[in-house]
Amino acid sequence: MTTSLPLKHWIKGALESSSIGKGTAALSPAYFASALRIAIDLTRQISDAEDLSDSGLFHGIASLPPPFPVACVDWADCITVSLKPHDDICKHGESSLQFPSSSSLSDQMDDLDELLDKIAQDIENDETELPNENQVSTGEMKQHGSDASYFNVDCAQIFYSEGAATYFDSSGQKLQRIYSLGLVFYELFSGGEQPPVELLVVASPNGRKLVDMAASQVEKKQPRSDSSSGFLLNDFKGTLNVSDGMSPARGGTLSGSLNHDPVDHYDSNNGYHAVSISTKRQSVSRGSRKCAASSSGATLCDVTFDCLSMKGVPRRLCDLICNMIDCINGDFMGNESYNEMCDVTCDMQLMLYKPSVYLQDLDVHKLSLSGLELNDTVFERKDEFTALQCSYRRSISGTSELAIITGMSGTGKSTMANRIGNFITASGGLFLSGKFDQMMHQAKPFSAVASAFNNYCDALTRVEESERALLVAAKLQSELGSDLYYLIQVIPNLSQIIYENPPDIPPNQDDCVDAQQRLQYLFCQFVEVISYCSGGPLTLFIDDVQWADPASISMIGQLLKKSRSMQDNTRVFFLATGRDDEMESGHSFWKMIEDVSNFGFKTTVVKLSCMDKDTVTEVVSNLLHLSPRLLRTLSDIVYYKTKGNPLFVLKMLLSLERDGLLRLSLPRHRWEWDEEKIQSRKLPDDVAMFFVQSINTLPIDVKIALGALSCFGASAECEVMRALETDLKLNLKEPLNVAIAEGLVNNLNGKYCFCHDRIQEAAYSMIEEEDRCLHHMNYGLSLMNRSMRGDEASLLFTAVTQLNLGGPSAVQHAENYQQIANCNLIAGKKAMEMSDFSLAFSFFDHGMTFLRKKHWQDQYDLSLELFNLAAKCALAIEDLTSLTMICVEVSRNARNSEETLSSSLTLMSALTHSRISESVQFGFQVLSKLGVDIPHSSSREQTLKLISQTQSTLDGISDSTLLSYHTLSDYKKVMAMKFLAKLEHSIQQTNTSLQPLVTIKIIQLTIEHGMSPMSAIGFAYFGGMLAELGDLRGGHRYSQLTKALLEKYQCNEIAGEVFFLSTELLSYIEPLQVTNEYRIQGQAAAMTAGDIHWACMNKLMFTCTLLWQGANLSGVREAFTNAGYFAKEHDHRTSLYYMFTFQRSISTLIGEEGAL
C-alpha cells in the first residue's frame, strides 16, 4: 500500500533521513531531487486542471475539475506526499536517491544530474493514478510501520478541506495560485523554513501597500502596460473583509470586490499573511501563451532569496520561486514574473530534463573569459540524429546502407556529421573523415578520400597504437607486396607504418591495363585490412561531396560495392554531406548512389533545412541557459533577421556579444541584452554578405591575410603561409591570429582552416576580380621555386594549382611560360604515379596552354612529352575526343615516326573499347610502318603450314634456352610486340583466321630479336592452337613455358590473360584441383593491373571448374553467387551471361528449378 503523509512531515523526515536538520547550511542532492519531483507534480496537477477549466469542458456539467484550496490558506497543510512501498522498490531495484550527503549541493552536481535523470524517466513511465483522499493516511511513517524511503517519492497531491475549496471561476485566481504555490516551494526547498514575513501581503493602517520589499519598491515601479493586466493600484474600489481572528495562513476566508489592489494584512495573533486577490486578466491558451521578453532593462522580482542560496539551491530555482511570489504584485510585478501556472511547469520540467542548462549555476568566471559556449549539440535535431544512428546500426548489423546529409549552406550538415562521428567512436567504431574543397579539389589526387586514410595512418604511429600498426603493416605487405608503392603515393603516412623495406622504388609504370581500376582494387584491399585490424566497424565520412571529382566518386562507389563481399567482421559505413541546391539530378554523386542501389544498398537521406521560430527559440534558450519564455522576443528578432539559418543564428549571437548588445551580468549570473538596439540593427539578407560585413570591420592587414588564405580554398598548410610571408614579404601570421581570435579561422593539425566555407567565399569575394589571377600567380611562383628544391608532392600540387588558377594572362615574365609548363609536366607525372589520371590530364592540359606559338620548334621535347602523356590520361578517363585531337597534333609535329608510337598505341587501346574493327585496322597500319607485315588473308592450309614450321623451329630450342634468351631492346621491336599483343585478343572478334598469323609473328620476333614480356602472350596462344589441333602434350609444354615467363618478368599487364589461356590447357593434363588455383592467381594479378575483363574471366572459369571437379553443390552455388556479384560489381556482362546459364544447371541438379 502507498504510504502518504503531509508535506511538512515529509520535509522533516527527509531531512532527518539524510542526516540534515532544519537550518543546516546545505541540502543533500537526494533531498533536492525528491523535492523537485514533488514540485513538478504539484505544478502539473494545477496546470492540467486549469487547462480543463479554460477549455470549458466542465461548464454546465456535474463533474467539475478537482477543486483546490483558496489561495489565502497555507497550502503546505493541504499537500500530501505518496511514497512507493518497499516491495515496489525492491521490484525495480534499490533507489539511487539514498546516499550520504556530506558535501554541498553544488559540489555534488554530477550526482544530482544522475538523480534527476532517473526521476525524469520515472515520471515518463509513471502510469499510476494519484491516491484519492480516502487512501491518504497522515502521520509519521514510523506510526504506520512502513519501510518506504522518504526519497522514493511516488507522487504529490493537493487536497482541500470542505468549505475552503474553490473552482476555477476567475482568471485572476491563477496569479493567486502561483503566489501560494511559490510560498510552498520556498518552504520545500529551504528545508522546512517558513517564508520570511516580508514575503507576505498585509493591510497597513494608512492604506494598502506592500510590506518591506513592496513598500521600498512600489514608487520605483511603473504600472505594466501589458494589456493582460486587469488591475492597477487606483483600481481598488471597495473593502476587503477578513474573518475576525482568522488568518488566511491558518485557513481563514476573505471576501471583497473583484477589482482591487494587492493589499497587505496584519493579524495581531499571526502577524503578516497572504491575502487573496482577484484580477481581470484575460486567460491565454496553453498553446499560444506570450512570454515576457528579458532585456537589460527588465526588473527581477524585488524579493531576495539569500536564505535559499545559502542552502545551495541553484540561482535558477531561486529566481523561479521569486518570480512566482512576485506575481502577487499584479501590475507592479517584474517583467519576468509568471502569468500562467503552465509556464512554471514548463520551466521546472526543463530543470529536470536539462539540469546542466536550466538548473545549474553558470560559471560566470569562465564565461567572462570565453564568452558564449558553442558546441556540436547546440542544434540538437533529435529526429535527424536518431535517423542517422539507426542507419549506422543497420549497416553494421549486416544491412547494406549508407547515409547522406543534405541541405543548403549553413544548415549544420558538418556539425551533424561530427556528432554522429562522436557517437560512432564512443560505440567502438572507427570514424575517418575527409573534405572536398571547391577551389582546391583538383589540387591533390583523391584529396578527400586520401586525407581520411592518411590521418588514420598518422594515428597508427602513436605509441599506444604500435601493436595495431604492426598488424596492419604485416597484413598489407603479405597481400599487396610491392604494389603498396601506389598506395603510399596517395597515402604518404602509410610509409611510416611499413617499417621493413617500404617499397620506395616504383614498379614498371607500363605494367598496367587500367591504373585507376588498379588503385581502386588496392584501396579496397587496404580498407578491408584496416577494418579487420581495428576490431570495429569503419565509417568513412566525406564532407561537401558536391565538389567531389569523378575519380574520387568512382573510388567511393567501388569501395561500397566491395564492402558487401568483405569478411563478416569487417563492416564499412559511408556517410556524406552535400549542398543539395548545388547537386542537380545529373551530378556524378547521385549517379553513383543510383549505381550502388542496384547492389542492394539502401540510402538514408537526412535533409537539414533552416529552423522555424520555435526551434530558434530553443537554440537561443540552450545557448543562454534561460527559459524560452524569458527570451521569446529576442529569439523572434534573431529568427526574422537570420531566416532561421543555423550558421547565421550563431554568428549573429556572437556578433551581438562582441558588440556588447548581448552580455554577461556578473551580479545576476546570467545573460542580458538590449532588445531595442538589437531590433534596430541592420543585417544583410545573406550569410555570406554578413561575413563580408564582419570582415570589413577588421584591420586592413587582417583582411589582406584572410584574402591570401582564401586563395587556397577552405584551408592551407601553415608551412605554405610561412613561405609566402618570407618570400613575398607579407604580414600573415599575426593577422591570422587576430582572425582566429575573431572566430573566423582555426589552426588545426598544422593547417589554417576557415571555420566555414561561407567565410572563405566571403573573404575571396572581397578580392577584386581583376586582381585574383595576379595573386594566384604570385603565390604559385613563390611555392614553385620551393617545390623544385625539394621532393614534397603536396607543395608541388599546391604551387601548380595556384599557377593554373592564375592562367597565362597573369604571367609577367616570358621565361615563366616554359617554367610553368614544365612544372605542370612534373605534377602530371606525379599524379599519374598516384593513379589520378583525371588530375594528371588537367595538369598536362594546363601545361599546354602555357606553351607559346612556336613551342614545337622551341620546346620540342617538352611539347612531345606533354602531349604523349596527355594522350595516355585521355585514354584512362575515356576522353576519346581529346585523345584523337592530341594524336593528330603529335602526328603532325613529330620529327620521326618513332616518336608517334606512344600516342598511336594509346589511340589503338582506346579504339579497342569502342570501335574494335578500326582498332585492328589501325594496328596493322602502324605495324606496317614498323616493318612488321602480316598478310591480310590466309588459307587454312597456309596457316597450318606456318604452325608446323614454327613448331619445328621451337622443337629445336629447349625451354631453358628460351628462358635464358636475351631481352628485347630494340625500341621499334618492343613497340611492335606491344601492338601485336593488343591485336591478339581483338582480332579474335573481327577475323579469327588471322589470329594464328599474329601469334606466329610474336614468336618469330622473339626468336629473332629477343625475349619480351609480350612473348608470353604468343606462347600462350600458340599452345592453345596446338591443343586444338590435337597435340595436347605439345600445347602443355608452351603453357608451362608461359607460366615460367610470367614468373621471370612479373608482368601483371598480361598476367590475367596468360593465366586464363594457359590454365585452360593445363587442366587437360594436371588435376583440376591443382590447376584451378592458377585461376585465383590470374584473378589477383589482373586486379592488380586493373584488368577487369581477365579478372572476371578467371573468376568465371574458377567457379565453373568447381562444378566439374565435383565440389559440393551447395558450395558451388554459393561460389557462383559470389562470382556473379563480382561480375556485376564491375559490370562485366560476358561472365554474367555464362554464370546465369551455369546457375540454372546447378539449381536443376539441386532440385530448385523454380529458384531462378
# chains A, B, ... in the order shown; residues from 1 in each chain; ligands from 1

$ residues_around --residues "range 529-535 of chain A" --least-positions-apart "2" --cutoff "8 Å" --atoms "only C-alpha atoms" --output "PyMOL selection string"
chain A and resi 430+468+471-472+475-476+525-527+537-538+569-572

$ atom_distance --atom1 "CA of Val490 in chain A" --atom2 "CA of Asn454 in chain A"
8.4 Å

$ residues_around --residues "Gly192 in chain A" --least-positions-apart "6" --cutoff "12 Å" --atoms "only C-alpha atoms" --output "PDB file with N, CA and C atoms, in the first residue's frame"
ATOM      1  N   LEU A   7       3.031  17.104   3.654  1.00  0.00           N
ATOM      2  CA  LEU A   7       4.270  17.638   3.107  1.00  0.00           C
ATOM      3  C   LEU A   7       5.241  18.029   4.220  1.00  0.00           C
ATOM      4  N   LYS A   8       4.724  18.726   5.244  1.00  0.00           N
ATOM      5  CA  LYS A   8       5.623  19.179   6.305  1.00  0.00           C
ATOM      6  C   LYS A   8       6.259  18.011   7.034  1.00  0.00           C
ATOM      7  N   HIS A   9       5.505  16.935   7.199  1.00  0.00           N
ATOM      8  CA  HIS A   9       6.073  15.738   7.820  1.00  0.00           C
ATOM      9  C   HIS A   9       7.129  15.107   6.915  1.00  0.00           C
ATOM     10  N   TRP A  10       6.840  15.132   5.612  1.00  0.00           N
ATOM     11  CA  TRP A  10       7.833  14.585   4.668  1.00  0.00           C
ATOM     12  C   TRP A  10       9.132  15.388   4.730  1.00  0.00           C
ATOM     13  N   ILE A  11       9.013  16.711   4.762  1.00  0.00           N
ATOM     14  CA  ILE A  11      10.213  17.556   4.823  1.00  0.00           C
ATOM     15  C   ILE A  11      11.041  17.199   6.048  1.00  0.00           C
ATOM     16  N   LYS A  12      10.364  17.108   7.177  1.00  0.00           N
ATOM     17  CA  LYS A  12      11.075  16.796   8.424  1.00  0.00           C
ATOM     18  C   LYS A  12      11.730  15.425   8.359  1.00  0.00           C
ATOM     19  N   GLY A  13      10.972  14.429   7.894  1.00  0.00           N
ATOM     20  CA  GLY A  13      11.513  13.074   7.830  1.00  0.00           C
ATOM     21  C   GLY A  13      12.635  12.944   6.814  1.00  0.00           C
ATOM     22  N   ALA A  14      12.494  13.615   5.644  1.00  0.00           N
ATOM     23  CA  ALA A  14      13.537  13.530   4.618  1.00  0.00           C
ATOM     24  C   ALA A  14      14.830  14.170   5.096  1.00  0.00           C
ATOM     25  N   LEU A  15      14.691  15.294   5.811  1.00  0.00           N
ATOM     26  CA  LEU A  15      15.895  15.941   6.343  1.00  0.00           C
ATOM     27  C   LEU A  15      16.586  15.052   7.360  1.00  0.00           C
ATOM     28  N   GLU A  16      15.786  14.400   8.205  1.00  0.00           N
ATOM     29  CA  GLU A  16      16.377  13.521   9.216  1.00  0.00           C
ATOM     30  C   GLU A  16      17.026  12.298   8.578  1.00  0.00           C
ATOM     31  N   ILE A  20      20.331  15.643   7.780  1.00  0.00           N
ATOM     32  CA  ILE A  20      20.340  17.100   7.662  1.00  0.00           C
ATOM     33  C   ILE A  20      19.171  17.636   8.464  1.00  0.00           C
ATOM     34  N   GLY A  21      19.432  18.495   9.362  1.00  0.00           N
ATOM     35  CA  GLY A  21      18.376  19.068  10.172  1.00  0.00           C
ATOM     36  C   GLY A  21      17.960  20.415   9.651  1.00  0.00           C
ATOM     37  N   LYS A  22      16.883  20.899  10.194  1.00  0.00           N
ATOM     38  CA  LYS A  22      16.380  22.216   9.816  1.00  0.00           C
ATOM     39  C   LYS A  22      17.426  23.272  10.137  1.00  0.00           C
ATOM     40  N   GLY A  23      17.644  24.156   9.192  1.00  0.00           N
ATOM     41  CA  GLY A  23      18.631  25.203   9.398  1.00  0.00           C
ATOM     42  C   GLY A  23      20.026  24.829   8.983  1.00  0.00           C
ATOM     43  N   THR A  24      20.208  23.575   8.500  1.00  0.00           N
ATOM     44  CA  THR A  24      21.526  23.156   8.047  1.00  0.00           C
ATOM     45  C   THR A  24      21.937  23.969   6.832  1.00  0.00           C
ATOM     46  N   LEU A  27      21.473  21.523   1.449  1.00  0.00           N
ATOM     47  CA  LEU A  27      20.611  20.375   1.232  1.00  0.00           C
ATOM     48  C   LEU A  27      21.396  19.272   0.527  1.00  0.00           C
ATOM     49  N   TYR A  31      17.682  14.868  -1.232  1.00  0.00           N
ATOM     50  CA  TYR A  31      16.545  15.681  -0.798  1.00  0.00           C
ATOM     51  C   TYR A  31      16.116  16.628  -1.907  1.00  0.00           C
ATOM     52  N   ALA A  35      12.528  16.747  -3.760  1.00  0.00           N
ATOM     53  CA  ALA A  35      11.728  17.961  -3.654  1.00  0.00           C
ATOM     54  C   ALA A  35      11.345  18.479  -5.024  1.00  0.00           C
ATOM     55  N   ALA A  76       0.740  24.437   2.206  1.00  0.00           N
ATOM     56  CA  ALA A  76       1.615  23.363   2.680  1.00  0.00           C
ATOM     57  C   ALA A  76       0.859  22.387   3.564  1.00  0.00           C
ATOM     58  N   LEU A 183       5.014  30.157  -2.237  1.00  0.00           N
ATOM     59  CA  LEU A 183       5.326  30.089  -0.806  1.00  0.00           C
ATOM     60  C   LEU A 183       5.605  28.656  -0.370  1.00  0.00           C
ATOM     61  N   VAL A 184       4.846  27.705  -0.941  1.00  0.00           N
ATOM     62  CA  VAL A 184       5.087  26.288  -0.632  1.00  0.00           C
ATOM     63  C   VAL A 184       6.482  25.882  -1.090  1.00  0.00           C
ATOM     64  N   PHE A 185       6.850  26.306  -2.301  1.00  0.00           N
ATOM     65  CA  PHE A 185       8.169  25.953  -2.823  1.00  0.00           C
ATOM     66  C   PHE A 185       9.272  26.532  -1.954  1.00  0.00           C
ATOM     67  N   TYR A 186       9.035  27.739  -1.464  1.00  0.00           N
ATOM     68  CA  TYR A 186      10.037  28.341  -0.575  1.00  0.00           C
ATOM     69  C   TYR A 186      10.268  27.435   0.637  1.00  0.00           C
ATOM     70  N   CYS A 307      18.585  33.282   1.725  1.00  0.00           N
ATOM     71  CA  CYS A 307      18.487  32.102   2.578  1.00  0.00           C
ATOM     72  C   CYS A 307      18.448  30.821   1.753  1.00  0.00           C
ATOM     73  N   LEU A 308      17.752  30.854   0.600  1.00  0.00           N
ATOM     74  CA  LEU A 308      17.739  29.682  -0.265  1.00  0.00           C
ATOM     75  C   LEU A 308      19.109  29.442  -0.891  1.00  0.00           C
ATOM     76  N   LYS A 311      21.397  27.629   1.217  1.00  0.00           N
ATOM     77  CA  LYS A 311      21.116  26.203   1.304  1.00  0.00           C
ATOM     78  C   LYS A 311      21.700  25.431   0.109  1.00  0.00           C
TER      79      LYS A 311
END

$ residues_around --residues "range 857-864 of chain A" --least-positions-apart "6" --cutoff "12 Å" --atoms "only C-alpha atoms" --output "MDAnalysis selection string"
chainID A and resid 817:826 844:845 847:851 870:871 886:887 889:896 898:903

$ select_by_dssp --residues "range 484-728 of chain A" --states "helix (DSSP H, G or I)" --output "PyMOL selection string"
chain A and resi 484-490+492-496+515-534+545-547+550-563+580-582+588-597+613-624+628-630+632-642+646-658+675-680+687-696+700-710+718-727

$ atom_distance --atom1 "CA of Glu1057 in chain A" --atom2 "CA of Lys1128 in chain A"
19.9 Å

$ select_by_dssp --residues "range 703-756 of chain A" --states "strand (DSSP E or B)" --output "list in words"
Ser715, Ala716, Glu717, Val745, Asn746, Asn747, Leu748, Lys751, Tyr752, Cys753 and Phe754 of chain A

$ write_last_selection --atoms "all heavy atoms" --output "PDB file, in the first residue's frame"
ATOM      1  N   SER A 715      41.298  25.628 -46.659  1.00  0.00           N
ATOM      2  CA  SER A 715      42.412  25.512 -45.719  1.00  0.00           C
ATOM      3  C   SER A 715      43.736  25.596 -46.466  1.00  0.00           C
ATOM      4  O   SER A 715      43.785  25.426 -47.687  1.00  0.00           O
ATOM      5  CB  SER A 715      42.341  24.179 -44.946  1.00  0.00           C
ATOM      6  OG  SER A 715      42.506  23.082 -45.825  1.00  0.00           O
ATOM      7  N   ALA A 716      44.790  25.856 -45.709  1.00  0.00           N
ATOM      8  CA  ALA A 716      46.140  25.891 -46.273  1.00  0.00           C
ATOM      9  C   ALA A 716      47.122  25.495 -45.179  1.00  0.00           C
ATOM     10  O   ALA A 716      46.912  25.805 -43.997  1.00  0.00           O
ATOM     11  CB  ALA A 716      46.486  27.276 -46.824  1.00  0.00           C
ATOM     12  N   GLU A 717      48.171  24.794 -45.586  1.00  0.00           N
ATOM     13  CA  GLU A 717      49.199  24.406 -44.627  1.00  0.00           C
ATOM     14  C   GLU A 717      49.844  25.653 -44.030  1.00  0.00           C
ATOM     15  O   GLU A 717      50.082  26.644 -44.728  1.00  0.00           O
ATOM     16  CB  GLU A 717      50.269  23.559 -45.320  1.00  0.00           C
ATOM     17  CG  GLU A 717      49.762  22.297 -45.998  1.00  0.00           C
ATOM     18  CD  GLU A 717      49.470  21.184 -45.003  1.00  0.00           C
ATOM     19  OE1 GLU A 717      49.916  21.312 -43.840  1.00  0.00           O
ATOM     20  OE2 GLU A 717      48.788  20.213 -45.393  1.00  0.00           O
ATOM     21  N   VAL A 745      38.792  31.781 -38.305  1.00  0.00           N
ATOM     22  CA  VAL A 745      39.798  30.803 -38.752  1.00  0.00           C
ATOM     23  C   VAL A 745      40.208  29.956 -37.557  1.00  0.00           C
ATOM     24  O   VAL A 745      40.192  30.423 -36.406  1.00  0.00           O
ATOM     25  CB  VAL A 745      41.031  31.525 -39.350  1.00  0.00           C
ATOM     26  CG1 VAL A 745      42.121  30.538 -39.727  1.00  0.00           C
ATOM     27  CG2 VAL A 745      40.619  32.344 -40.571  1.00  0.00           C
ATOM     28  N   ASN A 746      40.578  28.695 -37.835  1.00  0.00           N
ATOM     29  CA  ASN A 746      41.166  27.812 -36.824  1.00  0.00           C
ATOM     30  C   ASN A 746      42.561  27.401 -37.256  1.00  0.00           C
ATOM     31  O   ASN A 746      42.873  27.396 -38.454  1.00  0.00           O
ATOM     32  CB  ASN A 746      40.317  26.552 -36.631  1.00  0.00           C
ATOM     33  CG  ASN A 746      39.032  26.829 -35.892  1.00  0.00           C
ATOM     34  OD1 ASN A 746      39.007  27.659 -34.969  1.00  0.00           O
ATOM     35  ND2 ASN A 746      37.964  26.156 -36.283  1.00  0.00           N
ATOM     36  N   ASN A 747      43.386  27.056 -36.297  1.00  0.00           N
ATOM     37  CA  ASN A 747      44.700  26.485 -36.570  1.00  0.00           C
ATOM     38  C   ASN A 747      44.683  25.064 -36.044  1.00  0.00           C
ATOM     39  O   ASN A 747      44.840  24.821 -34.847  1.00  0.00           O
ATOM     40  CB  ASN A 747      45.801  27.309 -35.892  1.00  0.00           C
ATOM     41  CG  ASN A 747      47.195  26.873 -36.331  1.00  0.00           C
ATOM     42  OD1 ASN A 747      47.395  25.760 -36.810  1.00  0.00           O
ATOM     43  ND2 ASN A 747      48.160  27.749 -36.169  1.00  0.00           N
ATOM     44  N   LEU A 748      44.466  24.097 -36.958  1.00  0.00           N
ATOM     45  CA  LEU A 748      44.304  22.710 -36.561  1.00  0.00           C
ATOM     46  C   LEU A 748      45.249  21.815 -37.349  1.00  0.00           C
ATOM     47  O   LEU A 748      45.299  21.884 -38.578  1.00  0.00           O
ATOM     48  CB  LEU A 748      42.860  22.248 -36.813  1.00  0.00           C
ATOM     49  CG  LEU A 748      41.745  23.009 -36.065  1.00  0.00           C
ATOM     50  CD1 LEU A 748      40.383  22.560 -36.579  1.00  0.00           C
ATOM     51  CD2 LEU A 748      41.862  22.773 -34.576  1.00  0.00           C
ATOM     52  N   LYS A 751      47.371  23.332 -40.005  1.00  0.00           N
ATOM     53  CA  LYS A 751      46.666  23.995 -41.098  1.00  0.00           C
ATOM     54  C   LYS A 751      45.876  25.187 -40.573  1.00  0.00           C
ATOM     55  O   LYS A 751      45.330  25.142 -39.464  1.00  0.00           O
ATOM     56  CB  LYS A 751      45.685  23.039 -41.795  1.00  0.00           C
ATOM     57  CG  LYS A 751      46.316  21.974 -42.659  1.00  0.00           C
ATOM     58  CD  LYS A 751      45.227  21.178 -43.363  1.00  0.00           C
ATOM     59  CE  LYS A 751      45.822  20.148 -44.312  1.00  0.00           C
ATOM     60  NZ  LYS A 751      44.764  19.396 -45.034  1.00  0.00           N
ATOM     61  N   TYR A 752      45.831  26.238 -41.387  1.00  0.00           N
ATOM     62  CA  TYR A 752      44.875  27.308 -41.154  1.00  0.00           C
ATOM     63  C   TYR A 752      43.598  26.928 -41.891  1.00  0.00           C
ATOM     64  O   TYR A 752      43.611  26.719 -43.115  1.00  0.00           O
ATOM     65  CB  TYR A 752      45.389  28.641 -41.683  1.00  0.00           C
ATOM     66  CG  TYR A 752      46.506  29.257 -40.871  1.00  0.00           C
ATOM     67  CD1 TYR A 752      47.804  29.325 -41.369  1.00  0.00           C
ATOM     68  CD2 TYR A 752      46.254  29.782 -39.601  1.00  0.00           C
ATOM     69  CE1 TYR A 752      48.834  29.899 -40.625  1.00  0.00           C
ATOM     70  CE2 TYR A 752      47.269  30.354 -38.849  1.00  0.00           C
ATOM     71  CZ  TYR A 752      48.558  30.409 -39.364  1.00  0.00           C
ATOM     72  OH  TYR A 752      49.565  30.965 -38.617  1.00  0.00           O
ATOM     73  N   CYS A 753      42.491  26.817 -41.164  1.00  0.00           N
ATOM     74  CA  CYS A 753      41.226  26.394 -41.758  1.00  0.00           C
ATOM     75  C   CYS A 753      40.146  27.437 -41.488  1.00  0.00           C
ATOM     76  O   CYS A 753      39.999  27.887 -40.343  1.00  0.00           O
ATOM     77  CB  CYS A 753      40.769  25.056 -41.166  1.00  0.00           C
ATOM     78  SG  CYS A 753      41.999  23.747 -41.198  1.00  0.00           S
ATOM     79  N   PHE A 754      39.420  27.815 -42.512  1.00  0.00           N
ATOM     80  CA  PHE A 754      38.270  28.675 -42.301  1.00  0.00           C
ATOM     81  C   PHE A 754      37.222  27.900 -41.503  1.00  0.00           C
ATOM     82  O   PHE A 754      37.024  26.693 -41.735  1.00  0.00           O
ATOM     83  CB  PHE A 754      37.682  29.132 -43.632  1.00  0.00           C
ATOM     84  CG  PHE A 754      38.454  30.236 -44.292  1.00  0.00           C
ATOM     85  CD1 PHE A 754      39.345  29.946 -45.329  1.00  0.00           C
ATOM     86  CD2 PHE A 754      38.317  31.546 -43.872  1.00  0.00           C
ATOM     87  CE1 PHE A 754      40.073  30.960 -45.937  1.00  0.00           C
ATOM     88  CE2 PHE A 754      39.034  32.571 -44.471  1.00  0.00           C
ATOM     89  CZ  PHE A 754      39.923  32.284 -45.505  1.00  0.00           C
TER      90      PHE A 754
END

$ residues_around --residues "range 985-998 of chain A" --least-positions-apart "3" --cutoff "9 Å" --atoms "only C-alpha atoms" --output "list in words"
Thr912, Ile916, Ser917, Ser919, Val920, Ile934, Pro935, His936, Ser937, Ser938, Ser939, Arg940, Thr943, Leu946, Ile947, Leu980, Ala981, Lys982, Lys1001, Ile1002, Ile1003, Gly1018, Tyr1021, Phe1022 and Met1025 of chain A

$ atom_distance --atom1 "CA of Ala1089 in chain A" --atom2 "CA of Glu865 in chain A"
23.6 Å

$ residues_around --residues "Ser1062 in chain A" --least-positions-apart "6" --cutoff "12 Å" --atoms "only C-alpha atoms" --output "PyMOL selection string"
chain A and resi 1016-1025+1027+1032+1035-1046+1055-1056+1068-1070+1075-1076+1078-1079+1082+1098

$ residues_around --residues "range 587-589 of chain A" --least-positions-apart "6" --cutoff "10 Å" --atoms "only C-alpha atoms" --output "ChimeraX atom specification"
/A:545-554,556-557,578,595

$ closest_residue --among "A:Leu866, A:Ala827, A:Met1139, A:Leu650" --to "Asn1122 in chain A" --atoms "only C-alpha atoms"
A:Met1139
